[in-house]
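Colleague: Got run17.cif for you, mmCIF, C-alpha atoms:
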data_query
#
loop_
_atom_site.label_atom_id
_atom_site.label_comp_id
_atom_site.auth_asym_id
_atom_site.auth_seq_id
_atom_site.Cartn_x
_atom_site.Cartn_y
_atom_site.Cartn_z
CA MET A 1 53.87 6.86 94.92
CA THR A 2 50.66 5.16 95.99
CA THR A 3 50.05 5.24 99.73
CA ALA A 4 47.75 3.22 101.93
CA LEU A 5 45.44 6.23 102.18
CA ASP A 6 45.19 6.43 98.39
CA LEU A 7 43.86 2.88 98.38
CA ALA A 8 41.74 3.16 101.50
CA VAL A 9 39.68 6.14 100.30
CA PRO A 10 38.34 4.47 97.09
CA ALA A 11 37.74 1.24 99.01
CA ALA A 12 35.76 3.08 101.68
CA ALA A 13 33.86 4.97 98.98
CA ALA A 14 32.98 1.70 97.25
CA LEU A 15 31.68 0.24 100.51
CA TRP A 16 29.61 3.35 101.10
CA GLY A 17 28.24 3.14 97.56
CA ALA A 18 27.35 -0.54 97.93
CA ALA A 19 25.57 0.11 101.23
CA ALA A 20 23.68 3.13 99.89
CA GLY A 21 22.83 1.39 96.62
CA SER A 22 21.39 -1.61 98.44
CA LEU A 23 18.82 0.73 100.00
CA LEU A 24 17.61 2.15 96.68
CA PRO A 25 15.38 -0.63 95.23
CA ARG A 26 12.27 0.30 97.18
CA ALA A 27 12.57 3.99 96.27
CA ALA A 28 13.24 3.08 92.62
CA TYR A 29 10.17 0.84 92.58
CA ARG A 30 7.88 3.37 94.26
CA PHE A 31 9.05 6.29 92.11
CA SER A 32 8.75 4.25 88.90
CA ALA A 33 5.19 5.35 88.20
CA PRO A 34 4.33 7.02 84.89
CA ALA A 35 3.97 10.78 84.86
CA GLY A 36 0.55 11.86 86.05
CA GLU A 37 0.15 8.86 88.37
CA ASP A 38 0.72 8.66 92.11
CA TRP A 39 3.84 7.01 93.48
CA ARG A 40 3.43 3.28 93.93
CA LYS A 41 1.95 2.31 97.27
CA THR A 42 1.60 -1.46 96.83
CA CYS A 43 3.91 -4.32 95.92
CA PRO A 44 3.27 -6.34 92.73
CA ALA A 45 1.00 -8.66 94.77
CA GLY A 46 -1.14 -5.77 95.95
CA HIS A 47 0.13 -5.46 99.52
CA PRO A 48 0.90 -2.01 100.95
CA VAL A 49 4.55 -0.95 100.69
CA LYS A 50 5.66 1.51 103.35
CA GLY A 51 8.85 3.47 103.58
CA TRP A 52 11.30 4.36 100.85
CA LEU A 53 14.51 2.51 101.70
CA GLY A 54 15.34 -1.18 101.44
CA ARG A 55 14.23 -4.06 99.28
CA VAL A 56 10.94 -4.11 97.39
CA PRO A 57 9.17 -7.24 98.77
CA CYS A 58 6.82 -6.34 101.59
CA GLY A 59 6.49 -8.31 104.82
CA ALA A 60 3.24 -9.90 103.69
CA CYS A 61 4.88 -11.38 100.58
CA VAL A 62 7.81 -12.72 102.55
CA THR A 63 5.53 -14.27 105.17
CA THR A 64 3.18 -15.78 102.63
CA ALA A 65 6.02 -17.23 100.59
CA ALA A 66 7.49 -18.88 103.69
CA GLU A 67 4.23 -20.54 104.77
CA PRO A 68 3.36 -23.92 103.16
CA THR A 69 -0.04 -24.30 101.58
CA ALA A 70 -2.54 -27.06 102.38
CA HIS A 71 -0.96 -29.17 99.65
CA GLY A 72 2.52 -28.84 101.14
CA SER A 73 3.97 -26.21 98.83
CA ALA A 74 4.02 -22.45 98.95
CA ALA A 75 1.49 -21.11 96.45
CA ALA A 76 1.83 -24.15 94.22
CA ASP A 77 0.25 -23.75 90.78
CA GLY A 78 -1.11 -20.39 91.93
CA GLU A 79 -3.19 -21.79 94.82
CA ASN A 80 -3.23 -19.75 98.00
CA ALA A 81 -0.94 -17.21 96.38
CA PRO A 82 -1.43 -13.63 97.50
CA GLN A 83 -3.94 -12.12 95.16
CA GLY A 84 -3.56 -8.56 94.07
CA PRO A 85 -4.29 -6.40 91.10
CA PRO A 86 -3.00 -7.94 87.87
CA ALA A 87 0.03 -6.32 86.35
CA PRO A 88 -1.20 -3.80 83.81
CA ASP A 89 -0.22 -4.10 80.20
CA ASP A 90 2.29 -1.66 78.89
CA GLU A 91 0.68 1.52 77.66
CA THR A 92 1.74 5.05 77.00
CA VAL A 93 0.66 8.08 78.92
CA THR A 94 1.42 11.75 78.67
CA GLY A 95 3.47 13.28 81.43
CA GLY A 96 2.16 15.59 84.11
CA ALA A 97 3.17 19.16 84.59
CA GLY A 98 6.47 19.74 86.31
CA GLU A 99 8.07 16.48 85.22
CA ASN A 100 9.05 14.83 81.98
CA PRO A 101 5.95 15.01 79.75
CA ARG A 102 6.98 12.09 77.57
CA THR A 103 5.59 8.65 76.97
CA ALA A 104 6.17 5.98 79.59
CA THR A 105 5.08 2.46 80.42
CA THR A 106 2.80 1.67 83.30
CA HIS A 107 4.50 -1.57 84.19
CA ALA A 108 8.06 -1.59 85.49
CA PRO A 109 9.35 -4.54 87.52
CA ALA A 110 11.27 -4.05 90.71
CA PRO A 111 14.97 -3.27 90.18
CA GLY A 112 17.58 -5.74 91.37
CA PRO A 113 19.29 -4.72 94.62
CA HIS A 114 22.63 -6.22 93.60
CA ALA A 115 22.74 -4.23 90.36
CA LEU A 116 21.97 -0.97 92.13
CA ALA A 117 24.53 -1.67 94.85
CA LEU A 118 27.21 -2.51 92.29
CA ALA A 119 26.47 0.52 90.12
CA THR A 120 26.54 2.91 93.07
CA ALA A 121 29.73 1.34 94.42
CA LEU A 122 31.50 1.75 91.08
CA VAL A 123 30.37 5.37 90.75
CA CYS A 124 31.54 6.23 94.27
CA ALA A 125 34.87 4.45 93.85
CA ALA A 126 35.56 6.26 90.57
CA LEU A 127 34.74 9.63 92.14
CA ALA A 128 37.06 8.87 95.05
CA LEU A 129 39.89 7.91 92.71
CA ALA A 130 39.51 11.17 90.80
CA THR A 131 38.95 13.47 93.79
CA GLY A 132 41.35 12.00 96.33
CA THR A 133 41.07 13.27 99.88
CA ARG A 134 39.75 16.74 99.03
CA PRO A 135 36.68 17.70 101.08
CA GLU A 136 34.31 17.89 98.09
CA LEU A 137 34.52 14.10 97.85
CA ALA A 138 32.04 13.89 100.72
CA VAL A 139 29.58 15.92 98.63
CA TRP A 140 29.99 13.66 95.59
CA LEU A 141 29.49 10.56 97.72
CA LEU A 142 26.27 11.95 99.19
CA LEU A 143 24.90 12.98 95.81
CA ALA A 144 25.93 9.86 93.90
CA PRO A 145 23.18 7.51 95.22
CA VAL A 146 20.52 10.10 94.37
CA GLY A 147 21.97 10.45 90.88
CA VAL A 148 21.87 6.67 90.39
CA LEU A 149 18.27 6.59 91.62
CA LEU A 150 17.24 9.39 89.26
CA ALA A 151 18.89 7.67 86.31
CA VAL A 152 17.16 4.37 87.06
CA VAL A 153 13.70 5.91 87.48
CA ASP A 154 13.94 8.04 84.35
CA PHE A 155 15.24 5.14 82.28
CA ARG A 156 12.36 2.93 83.46
CA VAL A 157 9.39 5.28 83.16
CA GLN A 158 10.79 8.47 81.59
CA ARG A 159 10.02 10.52 84.67
CA LEU A 160 12.24 12.62 86.91
CA PRO A 161 10.40 13.07 90.22
CA ASP A 162 10.28 16.55 91.72
CA PRO A 163 10.95 15.15 95.24
CA LEU A 164 14.36 14.07 93.93
CA THR A 165 15.44 16.68 91.37
CA LEU A 166 14.75 19.81 93.40
CA PRO A 167 16.34 18.59 96.67
CA PHE A 168 19.26 17.29 94.60
CA ALA A 169 19.96 20.79 93.30
CA ALA A 170 19.44 22.44 96.69
CA ALA A 171 21.63 19.88 98.46
CA ALA A 172 24.42 20.27 95.88
CA LEU A 173 24.59 24.02 96.36
CA ALA A 174 24.24 23.86 100.15
CA LEU A 175 26.86 21.16 100.61
CA LEU A 176 29.31 22.79 98.24
CA GLY A 177 28.76 26.07 100.09
CA VAL A 178 29.91 24.39 103.29
CA THR A 179 32.80 22.71 101.46
CA ALA A 180 33.99 26.10 100.20
CA LEU A 181 34.69 27.05 103.83
CA LEU A 182 37.01 24.07 104.35
CA PRO A 183 40.73 24.02 103.56
CA GLU A 184 42.20 22.18 100.58
CA HIS A 185 39.04 22.26 98.48
CA ALA A 186 39.60 22.66 94.74
CA GLY A 187 36.49 24.46 93.55
CA ASP A 188 34.52 27.69 93.59
CA TRP A 189 31.00 27.97 95.01
CA LEU A 190 29.98 31.07 93.08
CA THR A 191 30.79 29.33 89.81
CA SER A 192 28.63 26.42 90.98
CA LEU A 193 25.73 28.79 91.57
CA TYR A 194 26.15 30.56 88.23
CA ALA A 195 26.55 27.24 86.39
CA ALA A 196 23.38 25.85 87.98
CA LEU A 197 21.40 28.90 86.84
CA ALA A 198 23.00 28.94 83.39
CA LEU A 199 22.51 25.25 82.69
CA GLY A 200 18.97 25.33 84.04
CA ALA A 201 18.18 28.31 81.82
CA ALA A 202 19.74 26.63 78.77
CA TYR A 203 17.70 23.48 79.28
CA PHE A 204 14.58 25.58 79.84
CA VAL A 205 15.09 27.19 76.44
CA LEU A 206 15.45 23.73 74.89
CA PHE A 207 12.26 22.68 76.67
CA LEU A 208 10.40 25.67 75.21
CA ILE A 209 11.74 24.94 71.73
CA ASN A 210 11.02 21.20 71.79
CA PRO A 211 8.90 20.13 74.79
CA GLY A 212 8.41 16.70 73.23
CA GLY A 213 12.11 15.96 73.30
CA MET A 214 13.15 17.73 76.52
CA GLY A 215 11.08 17.26 79.66
CA PHE A 216 10.73 19.88 82.37
CA GLY A 217 12.20 17.34 84.78
CA ASP A 218 15.42 17.55 82.77
CA VAL A 219 15.42 21.31 83.34
CA LYS A 220 15.23 20.83 87.11
CA LEU A 221 17.87 18.10 87.04
CA ALA A 222 20.17 20.45 85.10
CA LEU A 223 20.18 22.79 88.11
CA GLY A 224 21.82 20.10 90.23
CA THR A 225 24.24 18.79 87.63
CA GLY A 226 25.19 22.37 86.73
CA ALA A 227 25.99 23.09 90.38
CA ALA A 228 28.21 20.01 90.62
CA LEU A 229 30.01 20.64 87.34
CA GLY A 230 30.43 24.34 88.07
CA TRP A 231 32.49 23.55 91.14
CA TYR A 232 35.45 22.77 88.89
CA GLY A 233 34.88 25.67 86.49
CA TRP A 234 33.24 26.45 83.17
CA PRO A 235 35.37 24.06 81.07
CA THR A 236 34.04 21.21 83.22
CA VAL A 237 30.48 22.48 82.74
CA LEU A 238 30.92 22.48 78.97
CA LEU A 239 32.57 19.06 79.00
CA GLY A 240 29.89 17.46 81.16
CA THR A 241 27.08 19.01 79.12
CA PHE A 242 28.59 17.94 75.81
CA ALA A 243 29.21 14.43 77.15
CA GLY A 244 25.55 14.11 78.16
CA PHE A 245 24.30 15.00 74.67
CA LEU A 246 26.95 12.76 73.10
CA PHE A 247 25.96 9.76 75.23
CA GLY A 248 22.29 10.35 74.45
CA ALA A 249 22.96 10.65 70.72
CA LEU A 250 25.04 7.46 70.67
CA TYR A 251 22.35 5.54 72.55
CA GLY A 252 19.56 6.84 70.31
CA GLY A 253 21.60 6.09 67.21
CA ALA A 254 22.28 2.56 68.42
CA LEU A 255 18.55 1.99 68.95
CA VAL A 256 17.84 3.18 65.41
CA VAL A 257 20.55 0.92 63.96
CA VAL A 258 19.13 -2.18 65.67
CA ARG A 259 15.60 -1.05 64.73
CA ARG A 260 14.36 -0.76 68.28
CA ALA A 261 13.44 2.91 67.80
CA GLY A 262 12.72 5.43 65.08
CA ARG A 263 14.19 8.85 64.51
CA LYS A 264 11.28 10.47 66.34
CA THR A 265 11.14 8.01 69.26
CA ALA A 266 11.43 9.78 72.62
CA ILE A 267 14.05 8.44 75.00
CA ALA A 268 14.78 9.32 78.61
CA PHE A 269 17.51 11.96 78.63
CA GLY A 270 18.01 12.08 82.41
CA PRO A 271 20.38 9.08 82.54
CA PHE A 272 22.61 10.65 79.92
CA LEU A 273 22.50 14.06 81.58
CA ILE A 274 23.69 12.36 84.77
CA ALA A 275 26.26 10.22 82.94
CA GLY A 276 27.67 13.32 81.26
CA ALA A 277 27.90 15.13 84.59
CA PHE A 278 29.65 12.08 86.06
CA ALA A 279 32.19 12.07 83.24
CA GLY A 280 32.73 15.80 83.61
CA LEU A 281 33.26 15.47 87.36
CA LEU A 282 35.83 12.73 86.88
CA VAL A 283 37.85 14.86 84.48
CA GLY A 284 37.38 18.05 86.47
CA ALA A 285 38.34 16.45 89.77
CA HIS A 286 41.37 14.74 88.24
CA THR A 287 42.70 17.93 86.67
CA ALA A 288 41.84 20.32 89.54
#
Will you turn the file into structure tokens for me?

Modeller:
Amino acid sequence: MTTALDLAVPAAAALWGAAAGSLLPRAAYRFSAPAGEDWRKTCPAGHPVKGWLGRVPCGACVTTAAEPTAHGSAAADGENAPQGPPAPDDETVTGGAGENPRTATTHAPAPGPHALALATALVCAALALATGTRPELAVWLLLAPVGVLLAVVDFRVQRLPDPLTLPFAAAALALLGVTALLPEHAGDWLTSLYAALALGAAYFVLFLINPGGMGFGDVKLALGTGAALGWYGWPTVLLGTFAGFLFGALYGGALVVVRRAGRKTAIAFGPFLIAGAFAGLLVGAHTA
């Protein structure tokens, strides 16, 4: 029988996800720099962008857009518009050490805040429905916005930033360690630790075998997803890992079918690694 609490928890999780997701656009924009380049420090108009949370437009753009020009319109026909460096043409670069060394584009527009808020809200609500009121739900809700951010950045520029992947793994293990001390949890912290090391090692082997198809950023991300999946046991680890490769294969196959990619075209694997972990967590939490 469904109780008011059963409905309130997913609703609260969705609200949390929407609020957290609405703060991601600026971080997604700043982190969406090709491998080997510094994080973005200016808005598309060339004004400095400070901070990492919130919307992308800077105060200078908002102010300039609100002020009428001498001809009575704001930056009409390009006059009096804030001048900045022109948007670079798309080009490919090779990745830097420590992150995904795959091709990426130098130009990536700012992500929409509504899309990020909606995606994060749906992820959090689904996790709440599967987990219920068990204490590990708090861990999933804290990690979910970071996972969404990582997926967005990797999909846009094929780069998984070290400032996100490494803290993600450390936070997963630390938070789950605290959760293991609470009553009514449904997981095992030692399995999380072993799964993080095992999955990281497995992805590292794949990176050594085919560095063009598996970035080192994926290896670091696997530490965090392995820790999360390992909480619910090895079957969940296997399921989440298989789901990630399946999602990636289906996406790559679809691109080949519609002739938007060739068999040797590199695609960002991070979003599918995260999507597979998400699917594994839903099943693992529901069956725990």

Colleague: Residues within 8 Å of A:Asp188, please, as a PyMOL selection string. Count all atoms listed in the file; anything in the same chain fewer than 4 positions from it doesn't count.

Modeller: chain A and resi 180+192+230-233

Colleague: Decode the PyMOL selection byres ((chain A and resi 118-129) around 10) for the given file into explicit residues and return them as a PyMOL selection string.

Modeller: chain A and resi 6-22+24+113-117+130-134+136-138+140-149+278-279+281-283+285-286

Colleague: At what distance in Å, to one decimal, does atom CA of A:Gly215 lie from atom CA of A:Leu273?

Modeller: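 Calculated distance between atom CA of A:Leu273 and atom CA of A:Gly215 is 12.0 Å.
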
Colleague: List as a ChimeraX atom specification the protein and nucleic acid residues near A:Trp52, meaning an atom at most 9 Å away when only C-alpha atoms are counted, but skip any in the same chain fewer than 3 places from it.

Modeller: /A:23-28,30,49

Colleague: Near stretch 198-203 of chain A, counting only C-alpha atoms, which residues have an atom at most 8 Å away, once you skip same-chain residues fewer than 3 positions from it, shown as a list of chain:residue names?

Modeller: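 In the requested format, the answer is A:Tyr194, A:Ala195, A:Leu206, A:Phe207, A:Met214, A:Asp218, A:Val219, A:Lys220, A:Leu221, A:Ala222, A:Leu223, A:Gly226.
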
Colleague: If you count only C-alpha atoms, which residues fall within 6 Å of stretch 160-168 of chain A, apart from same-chain ones fewer than 3 positions away, as a PyMOL selection string?

Modeller: chain A and resi 99+154+171+217+220-221+224

Colleague: Rank nothing, just name the residue among A:Phe204, A:Phe216, A:Phe155, A:Phe31 nearest to A:Ala268, using all atoms listed in the file.

Modeller: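 For A:Ala268, the nearest of the given residues is A:Phe155.
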
Colleague: Between A:Ala151, A:Asn210, A:Ala172, A:Gly177, which has the minimum distance to A:Gly276 (counting only C-alpha atoms)?

Modeller: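 Between A:Ala151, A:Asn210, A:Ala172, A:Gly177, the residue approaching A:Gly276 most closely is A:Ala151.
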
Colleague: Please compute the atom CA of A:Ala227-atom CA of A:Leu182 distance, one decimal, in Å.

Modeller: 17.8 Å

Colleague: In Å, with one decimal, what is the gap from atom CA of A:Gly51 to atom CA of A:Phe272?

Modeller: 28.3 Å

Colleague: Please provide the set of residues having any atom within 10 Å of A:Ile267, restricted to all atoms listed in the file, with same-chain residues fewer than 2 positions apart removed, written as a list in words.

Modeller: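 Counting all atoms listed in the file, the residues come to Arg102, Thr103, Ala104, Asp154, Phe155, Val157, Gln158, Gly213, Met214, Gly248, Tyr251, Gly252, Leu255, Ala261, Lys264, Thr265, Phe269, Gly270 and Pro271 of chain A.
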
Colleague: Of the candidates A:Val258, A:Leu229, A:Ala35, A:Val56, which shows the shortest atom-to-atom distance to A:Trp189, using only C-alpha atoms?

Modeller: A:Leu229

Colleague: Restricting the calculation to only C-alpha atoms: of A:Ala4, A:Val153, A:Val139, A:Val256, which residue gets closest to A:Trp39?

Modeller: A:Val153
